[in-house]
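Here's the structure, in structure tokens; my notes come after.
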Amino acid sequence: MKKILITGGSGLVGSSFIGEEFIHLSSKDGDLRNKESIKSLIEKTNPEGIIHCAAKVGGVLGNTKYPGDFYHDNIMMNTNVIEEAKNKGIKKLVFFSSTCVFPDEVEYPLSPEKIHLGPPHQSNYAYAYAKRMGQVQIQAYKDQHDLNYFTVIPTNIYGPNDSYDMENGHVLPSLIHKMYLARESGEDFIVWGSGNPLREFIFSEDVAKLTMNLYRDYNGNAPVILSTSNETSIKNVVLMIADIFDFKGNIKFDTSKPEGQYRKPSDNSVIRQMYPDFKFTQMREGLEKSINWFIENYKIARK
Ligand code: GFB
């Protein structure tokens with residue numbers, strides 16, 4: 001049986017694709033910024049299709065500090081993977097974008113036809129433009145070569161096996177790591193910003209399941225948004241995390257730290273129509289799984 005190649009296979013999203021049909025690639029197997037690397041990986045594995053999850057990602061601060069790296073690494077990886085998939089006759093490919101690619105000033109809810117209507121939020125413009133170009137490349141190749149390639153646009157993903165970098169990482173793994181340390185030390189727990197921004201968090205296993213459903217069923221042109229369409233404030237998730245950790249110390253909000261976009265509510269009507277019975281993991285359950293994973297794997301977790 002021909003298999004499906006998962007780039008970024010050891011990361012948060014890639015490692016959520018579980019089963020015999022997958023070949024997980026990680027940076028140990030090759031550097032996707034180098035065209036020869038993906039070329040030989042495709043030749044070696046001869047896959048049926050590719051799910052391209054590999055990306056240079058980070059949170060609001062990491063994106064602001066390293067815009068050049070976020071631009072270069074993502075543009076190179078996407079360009080090479082999509083180009084070589086086409087060259088090798090791979091018929092199916094899923095490309096991962098993100099809801100942070102949308103214009104900062106746009107009418108809500110976010111929906112795919114609005115992606116290019118204005119500049120993205122300043123905090124992650126380089127990453128956002130690189131991801132926008134990946135989606136353009138997918139569309140252009142689809143138009144010219146009649147390939148079943150498409151883009152998925154997940155909202156903020158969280159789950160086990162995340163990167164728990166407290167400075168440059170995403171909000172939930174950063175908060176989980178910080179809460180773990182604050183509980184040990186008895187120090188105050190510091191949250192960046194006011195806690196008022198709203199996000200739509202989606203559990204990594206749900207992302208993998210929906211992506212595989214689409215891989216089998218979807219051949220449309222439009223990118224597909226993967227979201228629960230439930231907004232939660234940062235303050236609310238902080239309280240949930242504190243409750244799961246049974247944290248009794250002080251929680252403080254540091255408004256000198258970046259606040260990011262206020263909200264980015266999205267339209268999930270396509271997946272709701274295609275998969276009306278899909279049950280999203282409740283935030284409390286997803287957080288418990290993520291926190292338990294972090295505690296059990298503290299020594300090996302990426303930090
Ligand atoms: O995950 P995050 O950095 O990404 O979340 P974005 C930022 C929000 O969480 C802001 C608050 O409102 C922050 O003020 N926050 C509170 C924290 N404490 C922390 C903390 O310890 N760490 C972090 N990082 N935030 C990212 C984009 O935007 O979304 C990326 O920059 C990517 O490109 C990702 O697309 C999905 O949701 O603001």
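If you're wondering about the labels, chains in the structure tokens are A, B, ... by order shown, residues count from 1 in each chain, ligands from 1 in order shown.
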Check: Could you pull the residues within 6 Å of range 43-58 of chain A, counting only C-alpha atoms, minus those fewer than 4 positions along the same chain, as a VMD selection string?
Finding: chain A and resid 2 to 8 14 62 to 63 70 74 90 92 to 96 168 to 170
Margin query: To check your reading of the model: which residues sit at most 7 Å from ligand 1 when counting only C-alpha atoms and all ligand atoms? Write the answer as a PyMOL selection string.
Written below: chain A and resi 57-61+63+98-100+123-124+127-128+155-157+166-172+174-175+191-195+197+199+234+257-262
Residues at most 12 Å from range 142-146 of chain A, counting only C-alpha atoms, excluding those fewer than 5 positions away in the same chain, as a PDB file with N, CA, C and O atoms, in the first residue's frame?
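Written file, part-v9.pdb:
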ATOM      1  N   ILE A  82       5.956  21.870  -2.494  1.00  0.00           N
ATOM      2  CA  ILE A  82       4.855  21.872  -3.476  1.00  0.00           C
ATOM      3  C   ILE A  82       5.411  21.650  -4.888  1.00  0.00           C
ATOM      4  O   ILE A  82       4.864  20.877  -5.677  1.00  0.00           O
ATOM      5  N   GLU A  83       6.536  22.290  -5.194  1.00  0.00           N
ATOM      6  CA  GLU A  83       7.151  22.133  -6.513  1.00  0.00           C
ATOM      7  C   GLU A  83       7.587  20.681  -6.760  1.00  0.00           C
ATOM      8  O   GLU A  83       7.327  20.099  -7.808  1.00  0.00           O
ATOM      9  N   ALA A  85       6.560  17.973  -5.201  1.00  0.00           N
ATOM     10  CA  ALA A  85       5.383  17.088  -5.238  1.00  0.00           C
ATOM     11  C   ALA A  85       4.811  17.089  -6.655  1.00  0.00           C
ATOM     12  O   ALA A  85       4.519  16.038  -7.233  1.00  0.00           O
ATOM     13  N   LYS A  86       4.716  18.278  -7.229  1.00  0.00           N
ATOM     14  CA  LYS A  86       4.213  18.390  -8.615  1.00  0.00           C
ATOM     15  C   LYS A  86       5.153  17.680  -9.588  1.00  0.00           C
ATOM     16  O   LYS A  86       4.723  16.876 -10.425  1.00  0.00           O
ATOM     17  N   ASN A  87       6.463  17.923  -9.441  1.00  0.00           N
ATOM     18  CA  ASN A  87       7.438  17.306 -10.358  1.00  0.00           C
ATOM     19  C   ASN A  87       7.396  15.782 -10.302  1.00  0.00           C
ATOM     20  O   ASN A  87       7.621  15.107 -11.299  1.00  0.00           O
ATOM     21  N   GLY A  89       4.829  13.982  -9.647  1.00  0.00           N
ATOM     22  CA  GLY A  89       3.509  13.438 -10.004  1.00  0.00           C
ATOM     23  C   GLY A  89       2.642  13.062  -8.815  1.00  0.00           C
ATOM     24  O   GLY A  89       1.726  12.238  -8.941  1.00  0.00           O
ATOM     25  N   ILE A  90       2.919  13.664  -7.651  1.00  0.00           N
ATOM     26  CA  ILE A  90       2.066  13.397  -6.482  1.00  0.00           C
ATOM     27  C   ILE A  90       0.709  14.055  -6.734  1.00  0.00           C
ATOM     28  O   ILE A  90       0.639  15.254  -7.013  1.00  0.00           O
ATOM     29  N   LYS A  91      -0.341  13.254  -6.616  1.00  0.00           N
ATOM     30  CA  LYS A  91      -1.666  13.749  -7.009  1.00  0.00           C
ATOM     31  C   LYS A  91      -2.395  14.496  -5.899  1.00  0.00           C
ATOM     32  O   LYS A  91      -3.305  15.279  -6.146  1.00  0.00           O
ATOM     33  N   LYS A  92      -2.026  14.185  -4.629  1.00  0.00           N
ATOM     34  CA  LYS A  92      -2.750  14.824  -3.522  1.00  0.00           C
ATOM     35  C   LYS A  92      -1.775  15.484  -2.565  1.00  0.00           C
ATOM     36  O   LYS A  92      -0.767  14.877  -2.176  1.00  0.00           O
ATOM     37  N   LEU A  93      -2.116  16.702  -2.172  1.00  0.00           N
ATOM     38  CA  LEU A  93      -1.275  17.401  -1.200  1.00  0.00           C
ATOM     39  C   LEU A  93      -2.148  18.354  -0.392  1.00  0.00           C
ATOM     40  O   LEU A  93      -3.008  19.039  -0.950  1.00  0.00           O
ATOM     41  N   VAL A  94      -1.935  18.358   0.915  1.00  0.00           N
ATOM     42  CA  VAL A  94      -2.637  19.321   1.777  1.00  0.00           C
ATOM     43  C   VAL A  94      -1.595  20.270   2.348  1.00  0.00           C
ATOM     44  O   VAL A  94      -0.572  19.840   2.884  1.00  0.00           O
ATOM     45  N   GLN A 135      -0.437  29.306  -0.261  1.00  0.00           N
ATOM     46  CA  GLN A 135      -1.802  29.075  -0.750  1.00  0.00           C
ATOM     47  C   GLN A 135      -1.937  29.497  -2.214  1.00  0.00           C
ATOM     48  O   GLN A 135      -2.604  28.822  -3.014  1.00  0.00           O
ATOM     49  N   VAL A 136      -1.257  30.597  -2.595  1.00  0.00           N
ATOM     50  CA  VAL A 136      -1.277  31.036  -4.002  1.00  0.00           C
ATOM     51  C   VAL A 136      -0.602  29.976  -4.877  1.00  0.00           C
ATOM     52  O   VAL A 136      -1.093  29.626  -5.961  1.00  0.00           O
ATOM     53  N   GLN A 137       0.519  29.440  -4.397  1.00  0.00           N
ATOM     54  CA  GLN A 137       1.233  28.407  -5.161  1.00  0.00           C
ATOM     55  C   GLN A 137       0.340  27.176  -5.380  1.00  0.00           C
ATOM     56  O   GLN A 137       0.278  26.627  -6.484  1.00  0.00           O
ATOM     57  N   THR A 151      -5.561  23.871   0.453  1.00  0.00           N
ATOM     58  CA  THR A 151      -5.042  24.514   1.670  1.00  0.00           C
ATOM     59  C   THR A 151      -6.057  24.367   2.797  1.00  0.00           C
ATOM     60  O   THR A 151      -7.250  24.547   2.574  1.00  0.00           O
ATOM     61  N   ASN A 219     -12.113  18.161  -3.092  1.00  0.00           N
ATOM     62  CA  ASN A 219     -11.313  18.517  -4.266  1.00  0.00           C
ATOM     63  C   ASN A 219     -11.691  19.910  -4.750  1.00  0.00           C
ATOM     64  O   ASN A 219     -11.752  20.175  -5.951  1.00  0.00           O
ATOM     65  N   GLY A 220     -12.004  20.782  -3.789  1.00  0.00           N
ATOM     66  CA  GLY A 220     -12.438  22.129  -4.167  1.00  0.00           C
ATOM     67  C   GLY A 220     -11.260  23.067  -4.351  1.00  0.00           C
ATOM     68  O   GLY A 220     -10.114  22.714  -4.080  1.00  0.00           O
ATOM     69  N   ASN A 221     -11.570  24.272  -4.800  1.00  0.00           N
ATOM     70  CA  ASN A 221     -10.538  25.290  -4.977  1.00  0.00           C
ATOM     71  C   ASN A 221     -10.287  26.083  -3.708  1.00  0.00           C
ATOM     72  O   ASN A 221      -9.160  26.445  -3.414  1.00  0.00           O
ATOM     73  N   ALA A 222     -11.354  26.364  -2.976  1.00  0.00           N
ATOM     74  CA  ALA A 222     -11.211  27.272  -1.833  1.00  0.00           C
ATOM     75  C   ALA A 222     -10.496  26.595  -0.676  1.00  0.00           C
ATOM     76  O   ALA A 222     -10.719  25.406  -0.414  1.00  0.00           O
TER      77      ALA A 222
END
Item checked: Residues flagged strand (DSSP E or B) by DSSP in range 71-172 of chain A, as an MDAnalysis selection string -> chainID A and resid 92:96 103 110 120 148:154 156:158 163
Item checked: Residues flagged helix (DSSP H, G or I) by DSSP in range 1-230 of chain A, as number ranges by chain -> A: 14-16, 35-45, 60-65, 67-87, 99-101, 112-114, 122-145, 171-185, 204-217
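For the atom pair formed by CA of Glu20 in chain A and CA of Tyr149 in chain A, the distance is 22.4 Å, given to one decimal.
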